[in-house]
file model16.tsv (TSV, C-alpha atoms)
chain	number	residue	atom	x	y	z
R	1	MET	CA	88.08	72.77	81.83
R	2	HIS	CA	91.20	74.83	82.49
R	3	GLN	CA	94.40	72.97	83.20
R	4	ALA	CA	95.99	74.00	86.49
R	5	GLN	CA	99.21	75.91	86.03
R	6	ALA	CA	102.34	74.80	87.84
R	7	PRO	CA	103.29	77.19	90.63
R	8	THR	CA	105.93	79.75	89.72
R	9	GLU	CA	109.42	79.06	90.99
R	10	VAL	CA	112.12	81.71	91.25
R	11	VAL	CA	115.59	80.51	90.35
R	12	ILE	CA	119.06	82.00	90.57
R	13	VAL	CA	120.88	81.54	87.29
R	14	ASP	CA	124.12	83.30	88.22
R	15	ALA	CA	125.69	85.42	90.94
R	16	VAL	CA	128.89	87.45	90.97
R	17	ARG	CA	130.70	89.96	93.13
R	18	THR	CA	133.64	92.28	92.98
R	19	PRO	CA	136.66	91.83	95.17
R	20	SER	CA	136.49	93.75	98.44
R	21	GLY	CA	138.51	96.93	98.59
R	22	LYS	CA	139.40	98.87	101.72
R	23	GLY	CA	136.88	101.67	102.08
R	24	ARG	CA	139.32	104.52	102.39
R	25	PRO	CA	141.47	106.66	100.09
R	26	GLY	CA	144.09	104.42	98.55
R	27	GLY	CA	141.93	101.30	98.79
R	28	ALA	CA	142.08	98.89	95.86
R	29	LEU	CA	138.73	100.08	94.45
R	30	ALA	CA	138.77	103.66	95.72
R	31	GLY	CA	139.73	105.00	92.30
R	32	VAL	CA	136.53	103.65	90.70
R	33	HIS	CA	133.30	105.66	90.72
R	34	PRO	CA	130.54	103.52	92.32
R	35	VAL	CA	128.47	103.70	89.13
R	36	ASP	CA	131.41	102.36	87.13
R	37	LEU	CA	132.05	99.68	89.76
R	38	LEU	CA	128.47	98.47	89.44
R	39	ALA	CA	128.51	98.82	85.64
R	40	GLN	CA	131.47	96.45	85.43
R	41	THR	CA	129.61	94.04	87.72
R	42	LEU	CA	126.47	94.07	85.58
R	43	THR	CA	128.50	93.64	82.39
R	44	GLY	CA	130.41	90.74	83.90
R	45	LEU	CA	127.24	89.03	85.11
R	46	LEU	CA	125.51	89.23	81.72
R	47	ALA	CA	128.64	88.14	79.85
R	48	ARG	CA	128.50	84.79	81.66
R	49	GLN	CA	125.02	83.88	80.40
R	50	ASP	CA	123.30	83.81	77.02
R	51	VAL	CA	120.60	86.30	77.96
R	52	ASP	CA	119.42	89.28	75.91
R	53	PRO	CA	119.94	92.29	78.23
R	54	GLY	CA	116.86	93.84	76.67
R	55	SER	CA	114.73	91.04	78.13
R	56	VAL	CA	115.52	92.05	81.71
R	57	ASP	CA	112.37	93.46	83.29
R	58	ASP	CA	113.97	95.40	86.13
R	59	VAL	CA	117.28	96.04	87.88
R	60	LEU	CA	116.96	96.29	91.66
R	61	ILE	CA	120.02	97.64	93.47
R	62	GLY	CA	120.66	98.08	97.16
R	63	CYS	CA	122.56	101.18	98.24
R	64	VAL	CA	122.58	102.74	101.71
R	65	SER	CA	124.38	106.08	101.40
R	66	GLN	CA	122.36	107.57	98.56
R	67	ALA	CA	124.31	110.81	98.42
R	68	GLY	CA	126.96	112.34	96.21
R	69	GLU	CA	128.18	109.84	93.63
R	70	GLN	CA	125.51	107.36	94.73
R	71	SER	CA	122.56	109.76	94.55
R	72	ALA	CA	121.29	109.40	90.97
R	73	THR	CA	119.74	105.90	91.08
R	74	PRO	CA	123.08	104.08	90.79
R	75	GLY	CA	121.53	100.97	89.22
R	76	ARG	CA	120.07	103.02	86.38
R	77	MET	CA	123.28	104.95	85.83
R	78	ALA	CA	125.35	101.76	85.92
R	79	TRP	CA	123.07	100.07	83.39
R	80	LEU	CA	123.39	103.03	81.05
R	81	GLY	CA	127.11	103.34	81.67
R	82	ALA	CA	127.54	99.70	80.71
R	83	GLY	CA	125.98	100.45	77.31
R	84	LEU	CA	122.93	98.29	78.00
R	85	PRO	CA	119.43	98.89	76.52
R	86	ALA	CA	117.94	102.15	77.76
R	87	HIS	CA	114.39	100.77	78.00
R	88	VAL	CA	115.32	98.56	80.98
R	89	PRO	CA	114.53	100.40	84.24
R	90	ALA	CA	116.20	100.28	87.63
R	91	THR	CA	115.41	101.24	91.20
R	92	THR	CA	117.36	101.75	94.41
R	93	ILE	CA	116.57	100.01	97.70
R	94	ASP	CA	117.59	100.97	101.22
R	95	ARG	CA	117.00	98.47	104.01
R	96	LYS	CA	120.34	99.38	105.52
R	97	CYS	CA	122.75	96.43	105.74
R	98	GLY	CA	120.14	94.14	104.18
R	99	SER	CA	119.58	96.30	101.08
R	100	GLY	CA	121.12	93.85	98.62
R	101	GLN	CA	119.22	90.95	100.18
R	102	GLN	CA	115.98	92.95	100.03
R	103	ALA	CA	116.71	93.59	96.33
R	104	LEU	CA	116.68	89.83	95.82
R	105	HIS	CA	113.43	89.54	97.76
R	106	PHE	CA	111.75	92.22	95.68
R	107	ALA	CA	113.00	90.61	92.47
R	108	ALA	CA	111.68	87.21	93.57
R	109	GLN	CA	108.38	88.69	94.68
R	110	GLY	CA	108.00	90.42	91.32
R	111	ILE	CA	108.51	87.11	89.54
R	112	LEU	CA	106.09	85.29	91.84
R	113	ALA	CA	103.50	88.02	91.21
R	114	GLY	CA	103.89	87.66	87.45
R	115	ALA	CA	105.22	91.20	87.05
R	116	TYR	CA	108.70	90.03	86.00
R	117	ASP	CA	110.15	87.09	84.11
R	118	ILE	CA	113.78	88.16	84.45
R	119	ALA	CA	115.36	90.54	86.96
R	120	ILE	CA	118.76	91.49	88.26
R	121	ALA	CA	119.16	92.03	92.00
R	122	GLY	CA	122.29	93.38	93.61
R	123	GLY	CA	123.93	96.19	95.45
R	124	VAL	CA	126.78	98.67	95.50
R	125	GLU	CA	128.56	100.76	98.09
R	126	SER	CA	131.73	102.78	97.69
R	127	MET	CA	132.50	103.64	101.28
R	128	SER	CA	135.81	105.26	100.34
R	129	ARG	CA	134.08	107.80	98.08
R	130	VAL	CA	130.71	108.13	99.84
R	131	PRO	CA	131.45	107.70	103.56
R	132	MET	CA	128.92	106.00	105.80
R	133	GLY	CA	126.36	108.53	107.03
R	134	SER	CA	126.83	110.90	104.09
R	135	ALA	CA	123.09	110.90	103.37
R	136	ARG	CA	122.34	112.33	106.82
R	137	MET	CA	124.54	115.43	106.62
R	138	ASP	CA	124.39	115.76	110.43
R	139	ALA	CA	120.59	115.85	110.40
R	140	ASP	CA	118.46	114.23	113.11
R	141	PRO	CA	117.21	110.99	111.49
R	142	TYR	CA	114.73	110.16	114.26
R	143	GLY	CA	112.43	113.08	115.02
R	144	ALA	CA	110.68	114.03	118.22
R	145	MET	CA	108.20	111.16	118.34
R	146	VAL	CA	110.84	108.41	118.11
R	147	ALA	CA	112.95	110.26	120.69
R	148	GLU	CA	109.94	110.42	123.03
R	149	ARG	CA	109.07	106.74	122.60
R	150	PHE	CA	112.61	105.48	123.15
R	151	ALA	CA	113.84	108.06	125.68
R	152	PRO	CA	116.56	108.57	126.70
R	153	GLY	CA	117.42	107.64	123.12
R	154	LEU	CA	118.46	104.94	120.68
R	155	VAL	CA	122.13	104.10	120.41
R	156	SER	CA	124.72	103.55	117.71
R	157	GLN	CA	125.28	100.12	116.22
R	158	GLY	CA	128.58	99.86	118.07
R	159	VAL	CA	126.90	100.37	121.42
R	160	ALA	CA	124.16	97.95	120.35
R	161	ALA	CA	126.86	95.36	119.61
R	162	GLU	CA	128.13	95.87	123.17
R	163	LEU	CA	124.62	95.38	124.54
R	164	VAL	CA	124.26	92.14	122.57
R	165	ALA	CA	127.59	90.93	123.95
R	166	ALA	CA	126.45	91.74	127.48
R	167	ARG	CA	123.03	90.07	127.02
R	168	TRP	CA	124.58	86.83	125.73
R	169	LYS	CA	127.58	87.01	128.12
R	170	LEU	CA	130.10	87.08	125.29
R	171	THR	CA	133.63	87.96	126.34
R	172	ARG	CA	136.28	89.94	124.51
R	173	THR	CA	138.16	86.68	123.98
R	174	ASP	CA	135.05	85.03	122.50
R	175	MET	CA	134.67	87.84	119.97
R	176	ASP	CA	138.36	88.08	119.11
R	177	ALA	CA	138.59	84.31	118.64
R	178	TYR	CA	135.59	84.41	116.32
R	179	SER	CA	137.18	87.26	114.34
R	180	ALA	CA	140.51	85.49	113.95
R	181	ARG	CA	138.60	82.45	112.69
R	182	SER	CA	136.76	84.58	110.13
R	183	HIS	CA	140.08	85.75	108.69
R	184	GLU	CA	141.49	82.22	108.76
R	185	ARG	CA	138.48	80.82	106.90
R	186	ALA	CA	138.46	83.58	104.29
R	187	ALA	CA	142.20	83.19	103.73
R	188	ARG	CA	141.84	79.43	103.35
R	189	ALA	CA	138.97	79.86	100.88
R	190	ALA	CA	140.95	82.36	98.84
R	191	ALA	CA	144.06	80.18	98.79
R	192	SER	CA	142.05	77.15	97.65
R	193	GLY	CA	140.45	79.07	94.78
R	194	ALA	CA	137.00	78.87	96.36
R	195	PHE	CA	136.29	82.52	95.55
R	196	ASP	CA	137.57	82.40	91.97
R	197	ARG	CA	134.22	81.59	90.32
R	198	GLU	CA	132.34	84.33	92.13
R	199	ILE	CA	134.80	87.23	91.86
R	200	LEU	CA	134.81	89.48	88.81
R	201	PRO	CA	138.15	91.23	88.18
R	202	ILE	CA	137.62	95.00	88.24
R	203	GLN	CA	139.50	97.48	86.10
R	204	THR	CA	140.77	100.47	88.09
R	205	PRO	CA	143.03	103.41	87.12
R	206	ALA	CA	145.85	101.56	88.87
R	207	GLY	CA	145.25	98.23	87.15
R	208	THR	CA	143.15	95.10	87.56
R	209	VAL	CA	141.93	94.04	91.01
R	210	SER	CA	140.97	90.38	91.25
R	211	ALA	CA	141.38	89.44	94.93
R	212	ASP	CA	139.92	90.61	98.22
R	213	GLU	CA	142.07	93.26	99.84
R	214	CYS	CA	140.82	93.03	103.41
R	215	VAL	CA	141.65	89.48	104.52
R	216	ARG	CA	144.40	89.26	107.14
R	217	PRO	CA	145.70	85.66	107.16
R	218	GLY	CA	147.91	86.27	110.17
R	219	SER	CA	145.16	87.55	112.44
R	220	THR	CA	145.33	86.04	115.95
R	221	VAL	CA	143.56	86.48	119.25
R	222	GLU	CA	146.79	87.85	120.70
R	223	LYS	CA	147.09	90.54	118.03
R	224	LEU	CA	143.42	91.46	118.26
R	225	ALA	CA	143.70	91.78	122.03
R	226	GLY	CA	145.91	94.83	121.58
R	227	LEU	CA	143.15	96.90	119.97
R	228	LYS	CA	141.25	99.45	122.03
R	229	PRO	CA	137.45	99.41	122.38
R	230	ALA	CA	135.99	101.44	119.53
R	231	PHE	CA	132.73	102.69	121.02
R	232	ALA	CA	133.41	103.39	124.72
R	233	ARG	CA	131.60	106.51	125.95
R	234	ASP	CA	131.30	107.81	129.49
R	235	ASP	CA	127.64	108.75	129.13
R	236	MET	CA	126.81	105.28	127.81
R	237	ALA	CA	128.81	103.64	130.60
R	238	GLU	CA	126.55	105.37	133.12
R	239	ARG	CA	123.43	104.33	131.25
R	240	PHE	CA	124.51	100.74	130.59
R	241	PRO	CA	126.75	99.58	133.46
R	242	GLU	CA	126.51	95.99	132.16
R	243	ILE	CA	128.67	96.83	129.12
R	244	SER	CA	132.30	95.70	129.34
R	245	TRP	CA	133.43	97.66	126.25
R	246	SER	CA	134.84	94.78	124.24
R	247	VAL	CA	133.88	95.71	120.67
R	248	THR	CA	136.90	96.83	118.62
R	249	ALA	CA	137.78	97.48	115.01
R	250	GLY	CA	139.18	93.95	114.96
R	251	ASN	CA	135.96	92.18	115.92
R	252	SER	CA	133.73	94.39	113.77
R	253	SER	CA	133.05	94.34	110.04
R	254	GLN	CA	135.45	96.23	107.80
R	255	ILE	CA	134.44	99.35	105.90
R	256	THR	CA	134.84	98.41	102.24
R	257	ASP	CA	133.98	99.14	98.63
R	258	GLY	CA	132.18	96.52	96.56
R	259	ALA	CA	129.30	95.47	94.35
R	260	SER	CA	127.44	92.25	93.65
R	261	ALA	CA	124.64	91.09	91.36
R	262	LEU	CA	122.41	88.06	90.79
R	263	LEU	CA	120.49	87.04	87.68
R	264	VAL	CA	117.10	85.68	88.71
R	265	MET	CA	114.14	84.52	86.67
R	266	SER	CA	111.12	82.28	86.67
R	267	ARG	CA	112.01	78.64	86.26
R	268	ALA	CA	109.79	78.47	83.17
R	269	ARG	CA	111.71	81.30	81.48
R	270	CYS	CA	115.03	79.78	82.54
R	271	GLU	CA	114.13	76.46	80.92
R	272	ALA	CA	112.75	78.14	77.81
R	273	LEU	CA	116.10	79.90	77.35
R	274	GLY	CA	118.01	76.66	77.83
R	275	LEU	CA	119.81	78.00	80.91
R	276	ARG	CA	120.80	76.05	84.01
R	277	PRO	CA	119.10	77.05	87.25
R	278	ARG	CA	121.62	76.87	90.08
R	279	ALA	CA	119.27	77.36	93.05
R	280	ARG	CA	115.72	78.29	93.80
R	281	VAL	CA	114.55	80.90	96.24
R	282	HIS	CA	112.80	78.59	98.68
R	283	SER	CA	111.53	81.01	101.35
R	284	MET	CA	111.75	84.67	102.35
R	285	ALA	CA	110.98	86.58	105.54
R	286	VAL	CA	111.63	89.96	107.10
R	287	CYS	CA	110.86	91.17	110.60
R	288	GLY	CA	111.72	93.74	113.22
R	289	ASP	CA	112.96	93.44	116.79
R	290	ASP	CA	114.04	95.71	119.64
R	291	PRO	CA	115.50	98.86	118.02
R	292	LEU	CA	117.69	99.52	121.06
R	293	LEU	CA	119.47	96.17	120.84
R	294	MET	CA	119.10	96.66	117.07
R	295	LEU	CA	121.21	93.68	115.97
R	296	THR	CA	119.11	90.80	117.35
R	297	ALA	CA	116.44	90.59	114.63
R	298	PRO	CA	118.24	87.73	112.79
R	299	ILE	CA	117.07	85.46	115.63
R	300	PRO	CA	113.30	86.00	115.27
R	301	ALA	CA	113.72	86.22	111.49
R	302	THR	CA	115.30	82.76	111.52
R	303	HIS	CA	112.49	81.33	113.63
R	304	ARG	CA	109.95	82.87	111.26
R	305	ILE	CA	111.51	81.62	108.04
R	306	LEU	CA	112.11	78.09	109.34
R	307	GLU	CA	108.46	77.85	110.35
R	308	ARG	CA	107.37	79.26	107.00
R	309	ALA	CA	109.64	76.87	105.11
R	310	GLY	CA	108.68	73.81	107.12
R	311	LEU	CA	112.33	73.15	107.90
R	312	SER	CA	114.42	72.81	111.05
R	313	ILE	CA	117.83	74.31	111.64
R	314	GLY	CA	119.21	70.81	111.26
R	315	ASP	CA	118.07	70.80	107.61
R	316	ILE	CA	120.29	73.79	106.79
R	317	ASP	CA	123.67	72.93	105.34
R	318	HIS	CA	125.16	76.43	105.15
R	319	VAL	CA	124.33	79.56	107.14
R	320	GLU	CA	125.43	83.12	106.44
R	321	VAL	CA	124.88	85.47	109.40
R	322	ASN	CA	126.33	88.83	108.46
R	323	GLU	CA	129.33	89.61	110.64
R	324	ALA	CA	128.44	93.22	111.32
R	325	PHE	CA	130.05	92.60	114.71
R	326	ALA	CA	131.29	89.30	116.13
R	327	SER	CA	128.60	89.45	118.82
R	328	VAL	CA	125.87	89.09	116.17
R	329	PRO	CA	126.68	85.60	114.79
R	330	LEU	CA	127.80	84.44	118.24
R	331	ALA	CA	124.44	85.41	119.79
R	332	TRP	CA	122.64	83.79	116.85
R	333	GLN	CA	124.69	80.61	117.27
R	334	ALA	CA	123.91	80.52	120.99
R	335	GLU	CA	120.21	80.63	120.14
R	336	PHE	CA	120.25	77.89	117.49
R	337	GLY	CA	123.15	75.70	118.57
R	338	ILE	CA	124.34	75.06	115.04
R	339	ASP	CA	127.68	73.41	114.39
R	340	GLU	CA	130.19	76.21	113.84
R	341	ASP	CA	131.42	74.49	110.67
R	342	ARG	CA	128.12	75.42	109.01
R	343	LEU	CA	128.19	79.06	110.14
R	344	ASN	CA	130.01	81.43	107.78
R	345	PRO	CA	132.38	78.67	106.67
R	346	ARG	CA	134.24	80.92	104.22
R	347	GLY	CA	134.59	83.84	106.58
R	348	GLY	CA	132.39	86.88	106.69
R	349	ALA	CA	132.32	90.66	106.84
R	350	ILE	CA	134.98	90.79	109.56
R	351	ALA	CA	137.45	89.42	107.01
R	352	LEU	CA	135.82	90.17	103.66
R	353	GLY	CA	134.33	93.54	104.49
R	354	HIS	CA	130.85	95.03	104.58
R	355	PRO	CA	130.06	97.32	101.61
R	356	LEU	CA	126.66	98.16	103.07
R	357	GLY	CA	124.28	98.09	100.10
R	358	ALA	CA	126.13	95.23	98.39
R	359	SER	CA	126.58	92.87	101.33
R	360	GLY	CA	123.23	91.10	101.05
R	361	ALA	CA	123.97	90.10	97.47
R	362	ARG	CA	127.61	89.31	98.29
R	363	LEU	CA	126.68	86.85	101.04
R	364	MET	CA	124.16	85.16	98.75
R	365	THR	CA	126.77	84.88	96.00
R	366	THR	CA	129.27	83.24	98.33
R	367	MET	CA	126.66	80.91	99.83
R	368	LEU	CA	125.47	79.73	96.41
R	369	HIS	CA	128.98	78.84	95.31
R	370	ALA	CA	129.77	77.15	98.62
R	371	LEU	CA	126.64	74.99	98.44
R	372	GLU	CA	127.69	73.86	94.97
R	373	ASP	CA	131.22	73.09	96.10
R	374	THR	CA	130.12	71.06	99.12
R	375	GLY	CA	126.98	69.45	97.68
R	376	GLY	CA	124.77	71.05	100.33
R	377	ARG	CA	121.07	71.43	99.67
R	378	TYR	CA	119.72	74.30	101.79
R	379	GLY	CA	121.35	77.63	102.61
R	380	LEU	CA	120.05	80.24	105.06
R	381	GLN	CA	121.09	83.89	105.03
R	382	VAL	CA	120.19	86.47	107.68
R	383	MET	CA	121.26	90.10	107.98
R	384	CYS	CA	120.94	92.42	110.95
R	385	GLU	CA	119.87	95.92	109.91
R	386	ALA	CA	119.83	99.36	111.49
R	387	GLY	CA	116.62	100.13	113.30
R	388	GLY	CA	116.32	96.56	114.57
R	389	MET	CA	115.30	94.66	111.42
R	390	ALA	CA	116.45	91.56	109.58
R	391	ASN	CA	115.95	89.81	106.26
R	392	ALA	CA	116.05	86.02	106.04
R	393	THR	CA	116.31	83.94	102.86
R	394	ILE	CA	116.51	80.19	102.29
R	395	ILE	CA	117.75	78.93	98.95
R	396	GLU	CA	117.77	75.34	97.71
R	397	ARG	CA	120.61	74.23	95.46
R	398	LEU	CA	119.39	72.57	92.26

call {"tool": "encode", "arguments": {"input": "model16.tsv", "output": "C-alpha cells"}}
result
Amino acid sequence: MHQAQAPTEVVIVDAVRTPSGKGRPGGALAGVHPVDLLAQTLTGLLARQDVDPGSVDDVLIGCVSQAGEQSATPGRMAWLGAGLPAHVPATTIDRKCGSGQQALHFAAQGILAGAYDIAIAGGVESMSRVPMGSARMDADPYGAMVAERFAPGLVSQGVAAELVAARWKLTRTDMDAYSARSHERAARAAASGAFDREILPIQTPAGTVSADECVRPGSTVEKLAGLKPAFARDDMAERFPEISWSVTAGNSSQITDGASALLVMSRARCEALGLRPRARVHSMAVCGDDPLLMLTAPIPATHRILERAGLSIGDIDHVEVNEAFASVPLAWQAEFGIDEDRLNPRGGAIALGHPLGASGARLMTTMLHALEDTGGRYGLQVMCEAGGMANATIIERL
C-alpha cells in the first residue's frame, strides 16, 4: 500500500529589490544597463541564502519593453553576466504591468507541477534606457479584427484611468489626496528603515545607490493641484463627455528603472536545505475584464481569488493594489470597503515608481517584509494590466 504524499507547498525563501531610479537620462540608475541591473539583483539575492546557484531549475523574469538592451532574454543575459552556472536557463514574460507577478505564478505553478524544485522569479525594466513603447516602433498593436470589435477604438491607459475615475465618481481632490498619502507613507517607511532589508544597493558609474529616488516627502494636495491634466484630448472629450480630465503626472505612477527577484522553492526542498521559509504562496488567480476601462480587472480578480482561497477580505492583513493611477486603488477600495490602513501601507507606485516588468515582484517583496514587520498573516496583491487583465496572489506569512 502506497503512503499518500503530502501536498506540495510553494514557499518564498527570500525577496529583494533595487532602489527605484527616475526613468529618464540622469536618473540614479540610468547609467546601468538593464542586464547589469538585474545581474546585481540576482547576485544579491543568492548571496543572502546558502543555495547552490546550479540547483536553480529556472529563472523567470518579467520585462515589458523587450527591445534594444532588453531584447536578448534579459534574465538569461543577467544570469550569465553575474557569472552564474551556464546550464541554468531563463525565460522572459510579458503580462504588461503584471509581468513580475506572473513570473512568480509561473514559478509556483512549475513547483506545484513537479517540474521545478527551486526557481527564481522577478522582473526588470530600465525605462530610462528602453522607453515605454519601444517594442512597438509605431506599429499598430491591435489589428483590424480588434479595431472592428471595439470600434471606435480602445484607448490609452491614461484615458482609461479617467474613465475609471468617472465611473466611480472620484474627484481630482480624491486622487491628489491619495497620491500625497502615498508619498507620505513611502517617506515614513524609508525614514523608519522599513525598506532597508528589501533594498539591494546597486553599483552605478556614479557610485552606489541605496535609496529610492522618486519619493517626494513634501508632496501635498495643494502642490499637486497645480499640475495640468496629462491625457486631455479633444477627440476623447467628444467621445466621453463624462470625463472631467483629472489624471495628472502627480496622481499617476512614476516612470522608473528597477529590478526585483524572489527565491521560491518547494517546502520539502527548503526544509531539506535547512532554509527558513518566510511565506507560502497560498492562492493565485488571473482574469480579464473590459478592455476599454482596462484598469478594473483587479476587482473581479480579487473576488475570484478570495473565493478560491476560502477567505474574506476581512482575513487579509495587507493589500497591495498597484498604483498605476490613483483611480485604480480608490475604485478597488470602494468595491471592497477595506480600511485604508491595510491598503498600500508603505506607499505604492505613485511614490516608489513603476518599472513595468519589475513591479509585480517589487510589490511582493515589499508586502512580504511588511507582513513580517507587523505580524500579519495574509497578504493580497493585485495588478491592473494593459488590455484589461489582472493577476492576484495571496501569500501567507510563515

call {"tool": "closest_residue", "arguments": {"input": "model16.tsv", "among": "R:Ser20, R:Ser182, R:Ser252, R:Thr296", "to": "Ser219 (chain R)", "atoms": "only C-alpha atoms"}}
result
R:Ser182

call {"tool": "atom_distance", "arguments": {"input": "model16.tsv", "atom1": "CA of Ala285 (chain R)", "atom2": "CA of Val247 (chain R)"}}
result
28.9 Å

call {"tool": "closest_residue", "arguments": {"input": "model16.tsv", "among": "R:Gly226, R:Gly98, R:Gly376, R:Gly310", "to": "Met389 (chain R)", "atoms": "all atoms listed in the file"}}
result
R:Gly98

call {"tool": "closest_residue", "arguments": {"input": "model16.tsv", "among": "R:Ala107, R:Val215, R:Ala139, R:Ile93", "to": "Leu263 (chain R)", "atoms": "all atoms listed in the file"}}
result
R:Ala107

call {"tool": "closest_residue", "arguments": {"input": "model16.tsv", "among": "R:Ser244, R:Thr18, R:Thr365, R:Gln102", "to": "Ala390 (chain R)", "atoms": "only C-alpha atoms"}}
result
R:Gln102

call {"tool": "atom_distance", "arguments": {"input": "model16.tsv", "atom1": "CA of Thr43 (chain R)", "atom2": "CA of Gly110 (chain R)"}}
result
22.6 Å

call {"tool": "build_atoms", "arguments": {"input": "model16.tsv", "residues": "region 77-94 of chain R", "atoms": "N, CA and C atoms", "output": "compact mmCIF listing (two decimals), keeping the file's coordinate frame"}}
result
# COMPACT_ATOMS: atom_id res chain seq x y z
N MET R 77 122.09 104.36 86.42
CA MET R 77 123.28 104.95 85.83
C MET R 77 124.29 103.88 85.42
N ALA R 78 124.42 102.85 86.24
CA ALA R 78 125.35 101.76 85.92
C ALA R 78 124.90 101.01 84.68
N TRP R 79 123.60 100.76 84.56
CA TRP R 79 123.07 100.07 83.39
C TRP R 79 123.35 100.88 82.13
N LEU R 80 123.12 102.18 82.21
CA LEU R 80 123.39 103.03 81.05
C LEU R 80 124.89 103.12 80.78
N GLY R 81 125.67 103.25 81.85
CA GLY R 81 127.11 103.34 81.67
C GLY R 81 127.71 102.10 81.05
N ALA R 82 127.06 100.96 81.29
CA ALA R 82 127.54 99.70 80.71
C ALA R 82 127.13 99.54 79.26
N GLY R 83 126.40 100.52 78.71
CA GLY R 83 125.98 100.45 77.31
C GLY R 83 124.81 99.52 77.07
N LEU R 84 124.04 99.24 78.10
CA LEU R 84 122.93 98.29 78.00
C LEU R 84 121.64 99.01 77.58
N PRO R 85 120.62 98.27 77.12
CA PRO R 85 119.43 98.89 76.52
C PRO R 85 118.73 99.88 77.45
N ALA R 86 118.47 101.06 76.94
CA ALA R 86 117.94 102.15 77.76
C ALA R 86 116.50 101.91 78.22
N HIS R 87 115.79 100.98 77.58
CA HIS R 87 114.39 100.77 78.00
C HIS R 87 114.27 99.95 79.28
N VAL R 88 115.36 99.36 79.75
CA VAL R 88 115.32 98.56 80.98
C VAL R 88 115.44 99.51 82.17
N PRO R 89 114.50 99.47 83.10
CA PRO R 89 114.53 100.40 84.24
C PRO R 89 115.35 99.86 85.40
N ALA R 90 115.51 100.69 86.41
CA ALA R 90 116.20 100.28 87.63
C ALA R 90 115.65 101.07 88.80
N THR R 91 115.82 100.53 89.99
CA THR R 91 115.41 101.24 91.20
C THR R 91 116.44 101.00 92.28
N THR R 92 116.40 101.84 93.32
CA THR R 92 117.36 101.75 94.41
C THR R 92 116.62 101.42 95.70
N ILE R 93 117.21 100.54 96.50
CA ILE R 93 116.57 100.01 97.70
C ILE R 93 117.46 100.27 98.91
N ASP R 94 116.84 100.75 99.98
CA ASP R 94 117.59 100.97 101.22
C ASP R 94 116.88 100.27 102.37
